[in-house]
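Have a look at structure_11.txt; it's compact mmCIF, C-alpha atoms:
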```txt
# COMPACT_ATOMS: atom_id res chain seq x y z
CA MET A 1 6.24 8.28 -90.03
CA ASN A 2 9.60 10.00 -89.70
CA LEU A 3 12.30 7.31 -89.50
CA THR A 4 16.05 7.45 -90.21
CA GLN A 5 18.18 4.44 -91.00
CA GLN A 6 21.91 4.61 -90.20
CA GLN A 7 24.89 2.31 -90.14
CA LEU A 8 26.94 2.42 -86.92
CA ASP A 9 29.86 0.05 -86.36
CA GLY A 10 28.27 -2.47 -88.68
CA PHE A 11 24.85 -2.24 -87.04
CA ASN A 12 21.63 -1.09 -88.62
CA VAL A 13 20.31 1.66 -86.42
CA LEU A 14 16.73 2.82 -86.83
CA LEU A 15 16.08 6.26 -85.35
CA ILE A 16 12.44 7.01 -84.61
CA ASN A 17 12.01 10.74 -85.07
CA GLU A 18 8.53 10.90 -83.53
CA GLU A 19 7.35 11.74 -80.03
CA ARG A 20 4.45 9.37 -80.24
CA ILE A 21 3.86 5.80 -81.48
CA ASP A 22 0.20 4.82 -81.53
CA ALA A 23 -2.31 3.03 -83.77
CA HIS A 24 -1.99 5.84 -86.33
CA ASN A 25 1.68 5.19 -87.18
CA SER A 26 2.58 1.79 -85.66
CA SER A 27 1.69 -0.17 -88.80
CA ASP A 28 4.17 2.04 -90.76
CA LEU A 29 6.85 1.27 -88.19
CA LYS A 30 6.17 -2.45 -88.35
CA ALA A 31 6.25 -2.47 -92.18
CA PHE A 32 9.53 -0.49 -92.22
CA ILE A 33 11.27 -2.87 -89.80
CA ILE A 34 10.07 -5.95 -91.66
CA ASP A 35 11.28 -4.44 -94.95
CA MET A 36 14.73 -3.83 -93.40
CA ILE A 37 14.91 -7.47 -92.33
CA GLU A 38 13.64 -8.73 -95.69
CA VAL A 39 16.37 -6.88 -97.59
CA GLY A 40 18.99 -8.71 -95.52
CA GLU A 41 19.47 -6.55 -92.42
CA PRO A 42 18.22 -8.71 -89.55
CA ASN A 43 20.41 -7.07 -86.86
CA ILE A 44 18.73 -3.84 -85.86
CA VAL A 45 19.00 -1.42 -82.96
CA VAL A 46 15.91 0.78 -82.62
CA GLN A 47 16.82 4.11 -81.02
CA LEU A 48 13.85 5.54 -79.12
CA GLN A 49 15.34 8.76 -77.70
CA GLN A 50 12.65 10.99 -79.23
CA VAL A 51 9.73 8.78 -78.29
CA LYS A 52 7.82 10.06 -75.27
CA PHE A 53 4.72 7.92 -75.72
CA ILE A 54 4.07 4.37 -76.92
CA ASP A 55 0.79 2.47 -76.82
CA SER A 56 -0.03 -1.25 -77.14
CA SER A 57 0.07 -1.13 -80.95
CA GLY A 58 3.57 0.41 -80.84
CA LEU A 59 4.78 -2.33 -78.50
CA GLY A 60 3.14 -4.82 -80.86
CA ALA A 61 4.98 -3.37 -83.88
CA LEU A 62 8.36 -3.69 -82.13
CA LEU A 63 7.49 -7.21 -80.98
CA ALA A 64 6.57 -8.17 -84.56
CA GLY A 65 9.95 -6.83 -85.69
CA PHE A 66 11.71 -8.74 -82.92
CA LYS A 67 10.01 -12.02 -83.88
CA HIS A 68 10.73 -11.47 -87.57
CA ALA A 69 14.41 -10.71 -86.90
CA THR A 70 14.73 -13.78 -84.67
CA ALA A 71 13.15 -15.96 -87.37
CA LYS A 72 15.85 -14.71 -89.78
CA SER A 73 18.62 -15.51 -87.25
CA GLY A 74 19.00 -11.83 -86.43
CA LYS A 75 18.27 -9.66 -83.45
CA LEU A 76 16.28 -6.54 -82.77
CA ALA A 77 17.44 -4.56 -79.72
CA LEU A 78 16.31 -1.21 -78.27
CA SER A 79 18.19 1.80 -76.94
CA ASN A 80 17.64 5.21 -75.30
CA LEU A 81 14.21 4.56 -73.80
CA GLN A 82 12.57 7.41 -71.88
CA PRO A 83 11.52 6.35 -68.36
CA GLN A 84 7.77 6.35 -69.12
CA VAL A 85 8.33 4.33 -72.30
CA LEU A 86 10.50 1.84 -70.40
CA SER A 87 7.70 1.48 -67.83
CA MET A 88 5.43 0.20 -70.61
CA PHE A 89 7.92 -2.57 -71.39
CA GLU A 90 8.04 -3.42 -67.69
CA LEU A 91 4.24 -3.49 -67.35
CA THR A 92 4.02 -6.03 -70.18
CA ARG A 93 7.22 -7.87 -69.12
CA LEU A 94 8.55 -7.13 -72.63
CA ASN A 95 11.73 -5.88 -70.95
CA ARG A 96 12.50 -9.59 -70.52
CA VAL A 97 12.07 -10.19 -74.26
CA PHE A 98 14.05 -7.27 -75.73
CA GLU A 99 17.64 -6.40 -75.01
CA ILE A 100 17.44 -2.80 -73.87
CA TYR A 101 20.51 -0.53 -73.83
CA ASN A 102 21.06 2.91 -72.34
CA ASN A 103 22.62 4.25 -75.55
CA LEU A 104 23.85 3.22 -78.99
CA ASP A 105 27.47 2.83 -77.86
CA GLU A 106 26.40 0.29 -75.28
CA ALA A 107 24.17 -1.48 -77.80
CA THR A 108 26.82 -1.84 -80.50
CA THR A 109 29.55 -2.82 -78.02
CA SER A 110 27.39 -5.50 -76.43
CA GLU A 111 26.10 -6.85 -79.70
CA SER A 112 29.42 -7.14 -81.48
CA MET B 1 -6.65 22.94 -61.94
CA GLN B 2 -9.26 23.56 -59.27
CA SER B 3 -11.24 20.71 -57.87
CA ALA B 4 -14.65 21.97 -59.05
CA ASP B 5 -16.36 19.60 -61.45
CA ILE B 6 -15.22 19.92 -65.04
CA GLN B 7 -16.68 18.03 -67.96
CA VAL B 8 -14.80 17.65 -71.26
CA ASP B 9 -16.88 16.37 -74.16
CA VAL B 10 -15.13 15.58 -77.47
CA ILE B 11 -16.51 14.11 -80.68
CA ILE B 12 -14.04 12.93 -83.33
CA PRO B 13 -14.37 11.10 -86.66
CA THR B 14 -13.45 7.40 -86.50
CA GLN B 15 -9.89 8.08 -87.73
CA THR B 16 -6.67 7.23 -85.92
CA LYS B 17 -5.11 10.61 -86.73
CA TYR B 18 -7.17 12.06 -83.87
CA LEU B 19 -5.65 9.74 -81.25
CA ASP B 20 -2.89 12.27 -80.55
CA LEU B 21 -5.50 14.95 -79.80
CA ILE B 22 -7.47 12.72 -77.41
CA GLY B 23 -4.35 11.40 -75.68
CA SER B 24 -2.96 14.92 -75.30
CA ILE B 25 -6.15 16.10 -73.60
CA GLY B 26 -5.78 13.25 -71.08
CA GLU B 27 -2.10 14.04 -70.54
CA ARG B 28 -2.84 17.72 -69.94
CA ILE B 29 -5.60 16.92 -67.46
CA GLY B 30 -3.31 14.56 -65.56
CA ARG B 31 -0.58 17.17 -65.30
CA GLU B 32 -2.89 19.85 -63.98
CA LEU B 33 -4.72 17.94 -61.27
CA ASP B 34 -3.12 19.93 -58.46
CA HIS B 35 -4.97 18.14 -55.69
CA TYR B 36 -3.81 14.67 -56.82
CA SER B 37 -1.27 13.53 -54.26
CA GLY B 38 0.29 10.76 -56.39
CA ASP B 39 2.81 11.00 -59.24
CA ARG B 40 1.24 13.47 -61.69
CA ASP B 41 3.69 12.65 -64.50
CA ALA B 42 2.75 8.97 -64.24
CA LEU B 43 -0.96 9.85 -64.09
CA ALA B 44 -0.57 12.07 -67.17
CA TYR B 45 1.01 9.21 -69.14
CA GLN B 46 -1.63 6.77 -67.92
CA LEU B 47 -4.51 9.03 -68.96
CA ASN B 48 -2.89 9.60 -72.36
CA LEU B 49 -2.53 5.83 -72.76
CA VAL B 50 -5.96 4.85 -71.51
CA LEU B 51 -7.74 7.42 -73.69
CA THR B 52 -5.62 6.38 -76.69
CA GLU B 53 -6.34 2.66 -76.17
CA ALA B 54 -10.07 3.16 -75.51
CA THR B 55 -10.49 5.42 -78.55
CA THR B 56 -8.48 3.03 -80.78
CA ASN B 57 -10.79 0.27 -79.61
CA ALA B 58 -13.89 2.30 -80.45
CA ILE B 59 -12.52 3.19 -83.90
CA LYS B 60 -11.64 -0.47 -84.64
CA HIS B 61 -15.08 -1.68 -83.60
CA SER B 62 -16.89 1.02 -85.49
CA ASN B 63 -19.44 -0.33 -87.95
CA TYR B 64 -19.55 2.30 -90.62
CA LYS B 65 -15.98 3.54 -91.15
CA GLY B 66 -17.52 6.32 -93.18
CA PRO B 67 -16.83 10.00 -92.73
CA LYS B 68 -20.08 10.41 -90.80
CA ASP B 69 -19.26 7.94 -88.05
CA CYS B 70 -17.77 9.35 -84.90
CA VAL B 71 -16.51 8.47 -81.45
CA ARG B 72 -17.67 10.50 -78.48
CA ILE B 73 -15.45 10.78 -75.44
CA THR B 74 -16.47 12.42 -72.20
CA ILE B 75 -14.13 13.11 -69.29
CA HIS B 76 -15.71 14.12 -66.00
CA ILE B 77 -13.24 15.48 -63.48
CA GLN B 78 -14.57 15.42 -59.94
CA GLU B 79 -12.97 16.16 -56.59
CA ASP B 80 -11.94 12.58 -55.90
CA GLU B 81 -12.58 10.70 -59.13
CA LEU B 82 -12.06 10.87 -62.85
CA ASP B 83 -14.79 9.31 -64.97
CA ILE B 84 -14.10 8.63 -68.66
CA LYS B 85 -16.74 7.37 -71.09
CA VAL B 86 -16.02 6.32 -74.66
CA PHE B 87 -19.06 5.70 -76.86
CA ASP B 88 -18.92 3.54 -79.97
CA HIS B 89 -21.42 2.37 -82.56
CA GLY B 90 -20.00 -1.09 -83.17
CA GLN B 91 -21.32 -4.56 -82.34
CA GLY B 92 -19.73 -4.41 -78.93
CA PHE B 93 -17.74 -7.02 -77.03
CA ASP B 94 -17.65 -8.73 -73.65
CA ILE B 95 -14.94 -7.03 -71.62
CA GLU B 96 -14.92 -9.81 -69.03
CA SER B 97 -13.92 -12.36 -71.68
CA VAL B 98 -10.84 -10.39 -72.80
CA PRO B 99 -7.94 -12.60 -71.60
CA ILE B 100 -4.95 -11.40 -69.60
CA PRO B 101 -1.93 -11.40 -71.95
CA ASP B 102 0.30 -14.46 -71.84
CA PHE B 103 3.57 -12.85 -70.73
CA ASP B 104 5.63 -15.93 -71.48
CA ASN B 105 4.42 -15.99 -75.09
CA PRO B 106 3.77 -12.33 -75.87
CA LYS B 107 1.49 -11.51 -78.78
CA GLU B 108 1.36 -8.40 -80.90
CA ASN B 109 -2.25 -7.65 -80.02
CA GLY B 110 -4.53 -7.74 -77.03
CA MET B 111 -2.66 -5.49 -74.60
CA GLY B 112 -4.91 -2.43 -74.84
CA ILE B 113 -7.72 -3.56 -72.55
CA TYR B 114 -5.13 -5.03 -70.17
CA PHE B 115 -3.55 -1.56 -69.82
CA ILE B 116 -6.90 0.04 -69.09
CA LYS B 117 -7.83 -2.60 -66.50
CA THR B 118 -4.40 -2.50 -64.85
CA LEU B 119 -3.91 1.25 -64.67
CA MET B 120 -7.44 2.36 -63.79
CA ASP B 121 -9.68 1.48 -60.84
CA SER B 122 -12.80 0.25 -62.61
CA VAL B 123 -13.75 -0.55 -66.20
CA THR B 124 -17.15 -1.57 -67.54
CA TYR B 125 -18.52 -2.01 -71.05
CA THR B 126 -22.24 -1.68 -71.58
CA ARG B 127 -24.08 -2.40 -74.81
CA MET B 128 -26.96 -0.06 -75.44
CA GLU B 129 -29.30 0.39 -78.35
CA GLU B 130 -28.01 3.71 -79.62
CA ALA B 131 -24.33 3.27 -78.63
CA ASN B 132 -22.05 1.15 -76.47
CA VAL B 133 -20.14 2.75 -73.67
CA LEU B 134 -16.77 1.89 -72.16
CA GLU B 135 -16.68 3.53 -68.74
CA ILE B 136 -13.38 3.96 -66.93
CA LYS B 137 -12.96 5.33 -63.42
CA LYS B 138 -9.81 6.45 -61.67
CA SER B 139 -9.75 7.45 -58.03
CA LEU B 140 -7.88 10.71 -57.39
CA ARG B 141 -7.49 10.22 -53.64
```
Exercise: express the given structure as structure tokens:
Amino acid sequence: MNLTQQQLDGFNVLLINEERIDAHNSSDLKAFIIDMIEVGEPNIVVQLQQVKFIDSSGLGALLAGFKHATAKSGKLALSNLQPQVLSMFELTRLNRVFEIYNNLDEATTSES
Amino acid sequence: MQSADIQVDVIIPTQTKYLDLIGSIGERIGRELDHYSGDRDALAYQLNLVLTEATTNAIKHSNYKGPKDCVRITIHIQEDELDIKVFDHGQGFDIESVPIPDFDNPKENGMGIYFIKTLMDSVTYTRMEEANVLEIKKSLR
């Protein structure tokens, strides 16, 4: 899975450079996020600008990351969701679990 | 796409790398259903999702996991209804006993069947001797 990790204003930003998250790559995503948290980076913003499609396993991977970050006193937030991807969070009420930002500026300003 | 009956029949190995292919077929069909009066972009996403979830389910429940096992997916496009069948060779499961997700305590798993039931008009799962079939119908009216 094509992922890029960046530092932005003291935040760990994870860019997902894939159009699709499904059962073929979601376990890679989950493992990557958990590794980030385990090496001491529990505050993460996942930037989903490129993602046009997410299935239940992709939502599950992000939820696993969220729970892991919370358990380590951190936070996993999301930014730049495409409308159809956002609708999946609404359908599962996961929009009430995650903090969702329009863009990275908004995410890092709100979180700091 | 004209409203004459079209049948798409795909057979893939039980490997998740083919989910993109199956989902993309559903997405393309959704986009081209000219006579569908609803939101075609939403329908396209829903068909991509439902085919992805149903095929993932069939791959997970597959018995053999070997290179010879396969999942067969048929999509029948009719004037007023879309009929999807996904065949698997696993032990099968009782679709009625799959619980609705607990939204107050969300879990990582168990949302796939919920999506199919919520977004489509009817879903049945039938165990048969040679294969099980998950049948999904969506009204196009």
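Coordinates place CA of Leu51 (chain B) at a distance of 13.9 Å from CA of Met111 (chain B).
Distance check against Asp105 (chain A) using all atoms listed in the file: of A:Leu3, A:Leu62, A:Leu8, A:Leu81, the minimum falls on A:Leu8.
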Q: Could you list the residues in chain B lying within 7 Å of chain A, using all atoms listed in the file, and format the result as a ChimeraX atom specification?
A: /B:16-17,49,56,103,108-109,111-112
(Q) Using all atoms listed in the file for the distances, tell me which of B:Ala44, B:Cys70, B:Met120, B:Ile29 is nearest to Gln15 (chain B). (A) B:Cys70
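Here CA of Asp28 (chain A) is placed at a distance of 20.9 Å from CA of Ala54 (chain B).
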Q: Identify, on the basis of all atoms listed in the file, every residue whose closest approach to region 34-42 of chain B does not exceed 12 Å; exclude the query and any residue fewer than 4 positions from it along the same chain; express the result as JSON, numbers by chain.
A: {"A": [52, 53, 83, 84, 85, 87, 88], "B": [1, 2, 3, 4, 26, 27, 28, 29, 30, 46, 47, 48, 49, 77, 78, 79, 80, 81, 82, 119, 138, 139, 140, 141]}
Q. Which protein, DNA or RNA residues have an atom at most 10 Å from (-17.1, -0.1, -69.7), counting all atoms listed in the file? List them as a PyMOL selection string.
A. chain B and resi 54+84-87+94-96+122-127+132-137
Which residues are close to Asn102 (chain A), i.e. within 12 Å by only C-alpha atoms, leaving aside same-chain residues fewer than 3 positions away? Reply as a PDB file with C-alpha atoms, keeping the file's coordinate frame.
```
ATOM      1  CA  VAL A  45      19.000  -1.420 -82.960  1.00  0.00           C
ATOM      2  CA  VAL A  46      15.910   0.780 -82.620  1.00  0.00           C
ATOM      3  CA  GLN A  47      16.820   4.110 -81.020  1.00  0.00           C
ATOM      4  CA  LEU A  48      13.850   5.540 -79.120  1.00  0.00           C
ATOM      5  CA  GLN A  49      15.340   8.760 -77.700  1.00  0.00           C
ATOM      6  CA  ALA A  77      17.440  -4.560 -79.720  1.00  0.00           C
ATOM      7  CA  LEU A  78      16.310  -1.210 -78.270  1.00  0.00           C
ATOM      8  CA  SER A  79      18.190   1.800 -76.940  1.00  0.00           C
ATOM      9  CA  ASN A  80      17.640   5.210 -75.300  1.00  0.00           C
ATOM     10  CA  LEU A  81      14.210   4.560 -73.800  1.00  0.00           C
ATOM     11  CA  GLN A  82      12.570   7.410 -71.880  1.00  0.00           C
ATOM     12  CA  PRO A  83      11.520   6.350 -68.360  1.00  0.00           C
ATOM     13  CA  LEU A  86      10.500   1.840 -70.400  1.00  0.00           C
ATOM     14  CA  GLU A  99      17.640  -6.400 -75.010  1.00  0.00           C
ATOM     15  CA  ASP A 105      27.470   2.830 -77.860  1.00  0.00           C
ATOM     16  CA  GLU A 106      26.400   0.290 -75.280  1.00  0.00           C
ATOM     17  CA  ALA A 107      24.170  -1.480 -77.800  1.00  0.00           C
ATOM     18  CA  THR A 108      26.820  -1.840 -80.500  1.00  0.00           C
ATOM     19  CA  THR A 109      29.550  -2.820 -78.020  1.00  0.00           C
ATOM     20  CA  SER A 110      27.390  -5.500 -76.430  1.00  0.00           C
TER      21      SER A 110
END
```
Need to verify the contact set: Asn43 (chain A), 6 Å, only C-alpha atoms, exclusion of same-chain residues closer than 2 positions in sequence. Can you return it as a compact mmCIF listing (two decimals) with C-alpha atoms, in the coordinates of the input?
```txt
# COMPACT_ATOMS: atom_id res chain seq x y z
CA GLU A 41 19.47 -6.55 -92.42
CA GLY A 74 19.00 -11.83 -86.43
CA LYS A 75 18.27 -9.66 -83.45
CA LEU A 76 16.28 -6.54 -82.77
```
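For the pair CA of Ile12 (chain B) and CA of Arg72 (chain B), the separation is 6.5 Å.
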Using only the atoms of region 21-39 of chain A listed in the file, plus 6 Å on each side, state the axis-aligned box centre and edge lengths in Å rounded to one decimal, as JSON.
```
{"center_x": 7.0, "center_y": -1.4, "center_z": -89.5, "size_x": 30.7, "size_y": 26.6, "size_z": 28.1}
```
Q: Pick out the residues sitting within 8 Å of Pro42 (chain A), and hand them over as number ranges by chain; count all atoms listed in the file, and ignore anything fewer than 4 positions along from it in its own chain.
A: A: 36-38, 69-70, 72-76
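Each of B:Ile73, B:Pro106, B:Pro101, B:Leu21 was checked against Phe98 (chain A) using only C-alpha atoms; the smallest atom-to-atom distance is that of B:Pro106.
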Could you give me region 89-100 of chain A completed to all heavy atoms, formatted as a compact mmCIF listing (two decimals), in the frame of the given file?
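Listed below is the output, selection-v8.txt:
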```txt
# COMPACT_ATOMS: atom_id res chain seq x y z
N PHE A 89 7.29 -1.27 -71.16
CA PHE A 89 7.92 -2.57 -71.39
C PHE A 89 7.90 -3.40 -70.10
O PHE A 89 7.73 -4.61 -70.14
CB PHE A 89 9.34 -2.39 -71.92
CG PHE A 89 9.39 -1.98 -73.36
CD1 PHE A 89 9.25 -0.65 -73.71
CD2 PHE A 89 9.54 -2.92 -74.36
CE1 PHE A 89 9.25 -0.26 -75.04
CE2 PHE A 89 9.56 -2.55 -75.69
CZ PHE A 89 9.42 -1.21 -76.03
N GLU A 90 8.05 -2.71 -68.97
CA GLU A 90 8.04 -3.42 -67.69
C GLU A 90 6.64 -3.94 -67.35
O GLU A 90 6.48 -5.07 -66.88
CB GLU A 90 8.57 -2.50 -66.58
CG GLU A 90 10.06 -2.23 -66.74
CD GLU A 90 10.58 -1.06 -65.92
OE1 GLU A 90 9.77 -0.29 -65.37
OE2 GLU A 90 11.80 -0.91 -65.85
N LEU A 91 5.64 -3.12 -67.64
CA LEU A 91 4.24 -3.49 -67.35
C LEU A 91 3.82 -4.73 -68.13
O LEU A 91 3.01 -5.54 -67.68
CB LEU A 91 3.34 -2.30 -67.70
CG LEU A 91 1.89 -2.31 -67.29
CD1 LEU A 91 1.75 -2.40 -65.77
CD2 LEU A 91 1.19 -1.04 -67.79
N THR A 92 4.38 -4.89 -69.33
CA THR A 92 4.02 -6.03 -70.18
C THR A 92 5.09 -7.13 -70.13
O THR A 92 5.00 -8.10 -70.89
CB THR A 92 3.89 -5.56 -71.64
OG1 THR A 92 5.06 -4.82 -71.98
CG2 THR A 92 2.67 -4.68 -71.83
N ARG A 93 6.08 -6.95 -69.25
CA ARG A 93 7.22 -7.87 -69.12
C ARG A 93 8.02 -7.99 -70.42
O ARG A 93 8.84 -8.89 -70.58
CB ARG A 93 6.78 -9.30 -68.72
CG ARG A 93 5.61 -9.36 -67.79
CD ARG A 93 6.02 -9.38 -66.33
NE ARG A 93 5.07 -10.12 -65.51
CZ ARG A 93 3.93 -9.64 -65.03
NH1 ARG A 93 3.57 -8.39 -65.32
NH2 ARG A 93 3.15 -10.38 -64.27
N LEU A 94 7.79 -7.08 -71.37
CA LEU A 94 8.55 -7.13 -72.63
C LEU A 94 10.01 -6.73 -72.43
O LEU A 94 10.83 -6.96 -73.32
CB LEU A 94 7.89 -6.25 -73.70
CG LEU A 94 6.59 -6.80 -74.29
CD1 LEU A 94 5.93 -5.77 -75.20
CD2 LEU A 94 6.83 -8.09 -75.08
N ASN A 95 10.32 -6.16 -71.26
CA ASN A 95 11.73 -5.88 -70.95
C ASN A 95 12.52 -7.18 -70.78
O ASN A 95 13.74 -7.17 -70.83
CB ASN A 95 11.85 -5.00 -69.70
CG ASN A 95 11.17 -5.61 -68.48
OD1 ASN A 95 10.15 -6.27 -68.62
ND2 ASN A 95 11.73 -5.41 -67.31
N ARG A 96 11.81 -8.29 -70.60
CA ARG A 96 12.50 -9.59 -70.52
C ARG A 96 12.70 -10.20 -71.90
O ARG A 96 13.43 -11.17 -72.07
CB ARG A 96 11.68 -10.57 -69.65
CG ARG A 96 11.45 -10.06 -68.23
CD ARG A 96 10.86 -11.12 -67.35
NE ARG A 96 9.65 -11.70 -67.91
CZ ARG A 96 8.72 -12.33 -67.20
NH1 ARG A 96 8.86 -12.47 -65.90
NH2 ARG A 96 7.66 -12.84 -67.78
N VAL A 97 11.98 -9.66 -72.89
CA VAL A 97 12.07 -10.19 -74.26
C VAL A 97 13.17 -9.43 -75.03
O VAL A 97 14.05 -10.04 -75.63
CB VAL A 97 10.71 -10.04 -74.98
CG1 VAL A 97 10.83 -10.40 -76.46
CG2 VAL A 97 9.65 -10.90 -74.30
N PHE A 98 13.10 -8.10 -74.98
CA PHE A 98 14.05 -7.27 -75.73
C PHE A 98 15.33 -7.05 -74.93
O PHE A 98 15.30 -6.95 -73.71
CB PHE A 98 13.45 -5.89 -75.99
CG PHE A 98 12.31 -5.88 -76.96
CD1 PHE A 98 11.00 -5.93 -76.52
CD2 PHE A 98 12.55 -5.79 -78.33
CE1 PHE A 98 9.94 -5.90 -77.42
CE2 PHE A 98 11.50 -5.76 -79.23
CZ PHE A 98 10.20 -5.82 -78.77
N GLU A 99 16.43 -6.94 -75.65
CA GLU A 99 17.64 -6.40 -75.01
C GLU A 99 17.54 -4.89 -75.10
O GLU A 99 17.33 -4.33 -76.18
CB GLU A 99 18.89 -6.94 -75.72
CG GLU A 99 19.11 -8.40 -75.38
CD GLU A 99 20.33 -9.00 -76.03
OE1 GLU A 99 21.24 -8.25 -76.40
OE2 GLU A 99 20.35 -10.23 -76.17
N ILE A 100 17.64 -4.25 -73.94
CA ILE A 100 17.44 -2.80 -73.87
C ILE A 100 18.73 -2.15 -73.37
O ILE A 100 19.25 -2.52 -72.32
CB ILE A 100 16.25 -2.47 -72.93
CG1 ILE A 100 14.96 -3.07 -73.50
CG2 ILE A 100 16.11 -0.96 -72.74
CD1 ILE A 100 13.74 -2.94 -72.60
```
